[in-house]
Each structure stands twice: as C-alpha cells, then as structure tokens.
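Inspection log for the structure reproduced underneath, given as structure tokens.
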Amino acid sequence: MLRSLVGSEMCIRDRYQLFLQMILTTYIVRASDGLILCEDYDQNNSVIMEAKSKVKSFLKRGQLSDFNNDYAVLEIGPNNLCYKVSADIAYMALYDKKYPLKLIKFYLDEIEQGFLEELKTQGWQERDFKLKIENIDEAYYFLKFERFIKKKKAQYLDVRSESNTEKLKNDLHNVHNIMSQNIDLILDRDKTLGSMSDKAHQLKEGSKHFKDKSKELAWSMWMKKNMVYFILAFLFLVFVYLK
C-alpha cells in the first residue's frame with residue numbers, strides 16, 4: 001500500500017515536472033512591424049501573462065527582420081522566447097527554460113512548414129507569400145491555424161517520448177551559436193534610447209528658440225544703436241521736402 005502511494009506520488013511529480021517543462025505559447029508574426037498573424041491560447045497564469053505582455057512590447061519594436069534566416073533567444077524571467085525569421089514571417093515560441101532548445105528549434109521548423117502549407121492550400125503562390133503578408137492589415141488573420149499549432153505542440157509535450165528523444169539525438173541544429181539576450185534589457189534600452197531621442201529633440205528645439213531669440217535681440221540692439229541716424233535722416237528728408 002505504501003509503495004503504491006509512493007509510486008503514485010512520484011508519477012504525479014514527474015508529470016508535474018513535465019508540465020513545467022513545456023512550450024507555453026506560439027506566435028506567428030509579420031517580422032517588419034510585429035503584427036501577430038496567429039497565436040495559440042493556453043495557460044494564462046500571472047507569470048505567463050507578464051511574459052506575454054513583454055513579448056508584445058518587444059513585437060512593437062518591429063525589428064524582427066534584422067534576424068532573417070537565423071534563430072534568436074530572449075530571456076523572460078523563468079521562460080525563454082525563441083524565434084526564427086524567414087520571408088518576413090517570424091515563428092516564435094515562449095517556453096520554459098528547462099525545455100531543450102534544440103527541440104524548440106525542431107518545433108519551430110515544423111510550425112513553419114505547416115504554415116507554408118496552409119498558405120498554399122489557400123491558393124497562395126510561393127513567390128507571392130511575402131507581398132501578400134505585407135498587405136495584411138488585420139491582426140490574427142490566420143487564427144484558424146491555431147488548431148495545427150495545438151496539435152503539433154501536443155506532440156512536443158513529452159520531452160522523453162521516442163520521437164522527441166530521436167530529435168534530441170539528431171545533430172542537425174547546433175545551439176551553441178544562438179544569440180541570447182534578456183528582453184528586459186532590450187526594452188529598457190529602447191526606453192533609454194527613446195528618452196535620449198526626446199531629450200535630443202528638446203535640445204534641438206531649445207537651440208532653435210535660442211537662435212531665434214538671438215536674432216531678435218541682435219536686430220533690437222542694431223535698431224537702438226542706429227535710431228539716432230534714422231531720426232536725423234527722417235528730419236533731413238522732411239526738411240528737404242518742405243523747403
């Protein structure tokens with residue numbers, strides 16, 4: 001009886017650990033401006049909601065296209081955000097830091113492949129993908145693709161499954177050269193740059209105002225200095241006219 005309880009407790013603990021080590025949210029985003037094309041909705045506890053808020057602040061920067069055809073990782077508290085960009089489309093996964101990065105990259109590759117197939121089923125020609133993505137003006141335009149994401153995410157839930165173990169053994173992806181940054185530092189840097197930009201603008205406006213005032217002052221001083229001559233010239237002209 002005791003062994004059974006202990007075994008049951010260990011099983012629950014293992015499942016809980018697996019639950020923690022999982023992919024939390026997946027995004028498909030237009031890289032040029034951060035427009036979310038699809039996002040899967042799952043857990044929404046306070047930690048994840050805070051992470052999602054930071055992700056959306058990061059997306060508003062609209063600079064994902066700088067990492068075209070490459071992977072990058074952002075640290076967000078106990079989680080990471082891994083993303084890759086291809087043809088102005090960013091494929092992003094928010095996941096627990098304990099989840100294998102190599103497996104995340106396989107996951108994003110499959111999300112990309114599935115999304116491109118989805119575009120083809122809608123009659124899009126591959127050569128027109130980028131142009132059509134650029135012309136989308138509605139967020140969550142591909143929300144129906146969420147079903148594919150959920151199905152694929154379920155396949156990656158158990159890190160120790162046979163298929164995922166095989167992927168981890170595969171050396172296709174090298175995770176040593178992945179750019180990793182902390183999202184708070186990036187957002188703080190943006191605020192600092194924004195503040196510096198505002199101060200530079202204020203300084204420029206102040207300089208312009210000072211320059212204008214200097215011109216006014218110089219003109220006023222010149223008038224005061226030459227006022228006597230103007231008066232004498234005026235009186236002379238009046239005298240000549242009356243004479």
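Simple scheme: letters A, B, ... for chains in structure tokens order, numbers from 1 for residues in each chain, numbers from 1 for ligands in the order shown.
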
Within 6 Å of range 27-46 of chain A, which residues of range 63-113 of chain A come that close, and what is the closest atom pair and distance in Å for each? Count only C-alpha atoms and give it as JSON lines.
```
{"residue": "A:Leu64", "atom": "CA", "partner": "A:Ala31", "partner_atom": "CA", "distance": 4.9}
{"residue": "A:Ser65", "atom": "CA", "partner": "A:Ala31", "partner_atom": "CA", "distance": 5.1}
{"residue": "A:Asp88", "atom": "CA", "partner": "A:Ala31", "partner_atom": "CA", "distance": 4.9}
{"residue": "A:Ile89", "atom": "CA", "partner": "A:Arg30", "partner_atom": "CA", "distance": 4.9}
{"residue": "A:Ala90", "atom": "CA", "partner": "A:Val29", "partner_atom": "CA", "distance": 5.0}
{"residue": "A:Tyr91", "atom": "CA", "partner": "A:Ile28", "partner_atom": "CA", "distance": 4.9}
{"residue": "A:Met92", "atom": "CA", "partner": "A:Tyr27", "partner_atom": "CA", "distance": 4.9}
```

**Message:** Neighbouring residues of Leu94 in chain A were defined as those with any atom within 12 Å, considering only C-alpha atoms; residues of the same chain fewer than 3 positions away were excluded. Please report them as a PyMOL selection string.
**Reply:** chain A and resi 21-28+39-43+47-56+73-83+91+97-99+101+104-105+107-108+153

Keeping only C-alpha atoms, take the residues you just selected and write them out as a CSV table (one decimal), in the first residue's frame.
```
chain,number,residue,atom,x,y,z
A,21,GLN,CA,9.0,22.0,-18.9
A,22,MET,CA,6.8,22.8,-21.9
A,23,ILE,CA,6.0,25.1,-24.7
A,24,LEU,CA,3.7,27.8,-23.4
A,25,THR,CA,2.7,30.0,-26.3
A,26,THR,CA,3.4,30.1,-30.0
A,27,TYR,CA,3.3,33.1,-32.3
A,28,ILE,CA,3.4,33.7,-36.0
A,39,GLU,CA,-1.3,33.0,-31.6
A,40,ASP,CA,-2.3,29.9,-29.6
A,41,TYR,CA,-4.1,30.4,-26.3
A,42,ASP,CA,-3.4,28.1,-23.5
A,43,GLN,CA,-2.4,28.8,-19.9
A,47,VAL,CA,3.8,34.7,-14.8
A,48,ILE,CA,2.8,33.8,-18.4
A,49,MET,CA,0.6,36.8,-18.8
A,50,GLU,CA,3.5,39.0,-17.7
A,51,ALA,CA,5.8,37.2,-20.2
A,52,LYS,CA,3.2,37.6,-23.0
A,53,SER,CA,3.0,41.4,-22.2
A,54,LYS,CA,6.8,41.7,-22.6
A,55,VAL,CA,6.7,39.7,-25.8
A,56,LYS,CA,4.1,42.1,-27.2
A,73,VAL,CA,16.6,33.6,-27.9
A,74,LEU,CA,15.3,36.2,-25.4
A,75,GLU,CA,15.2,35.5,-21.6
A,76,ILE,CA,11.9,36.4,-20.0
A,77,GLY,CA,12.1,35.5,-16.3
A,78,PRO,CA,11.7,31.8,-15.9
A,79,ASN,CA,10.9,31.4,-19.6
A,80,ASN,CA,12.6,32.0,-22.9
A,81,LEU,CA,11.4,33.2,-26.3
A,82,CYS,CA,13.0,31.5,-29.3
A,83,TYR,CA,12.2,32.8,-32.8
A,91,TYR,CA,7.9,31.9,-35.9
A,97,LYS,CA,13.9,27.5,-19.8
A,98,LYS,CA,14.2,23.8,-18.8
A,99,TYR,CA,12.8,22.7,-22.1
A,101,LEU,CA,16.3,24.5,-27.0
A,104,ILE,CA,12.2,24.1,-29.7
A,105,LYS,CA,14.0,24.7,-33.0
A,107,TYR,CA,9.2,22.6,-33.3
A,108,LEU,CA,9.5,26.0,-34.9
A,153,LYS,CA,2.5,21.3,-29.6
```

**Request:** May I have the residues within 12 Å of Asp109 in chain A as JSON, numbers by chain, using only C-alpha atoms and disregarding those fewer than 4 positions away in the same chain?
**Result:** {"A": [69, 70, 71, 82, 83, 84, 85, 86, 90, 91, 92, 93, 102, 103, 104, 105, 113, 114, 115, 116, 149, 152, 172, 173]}
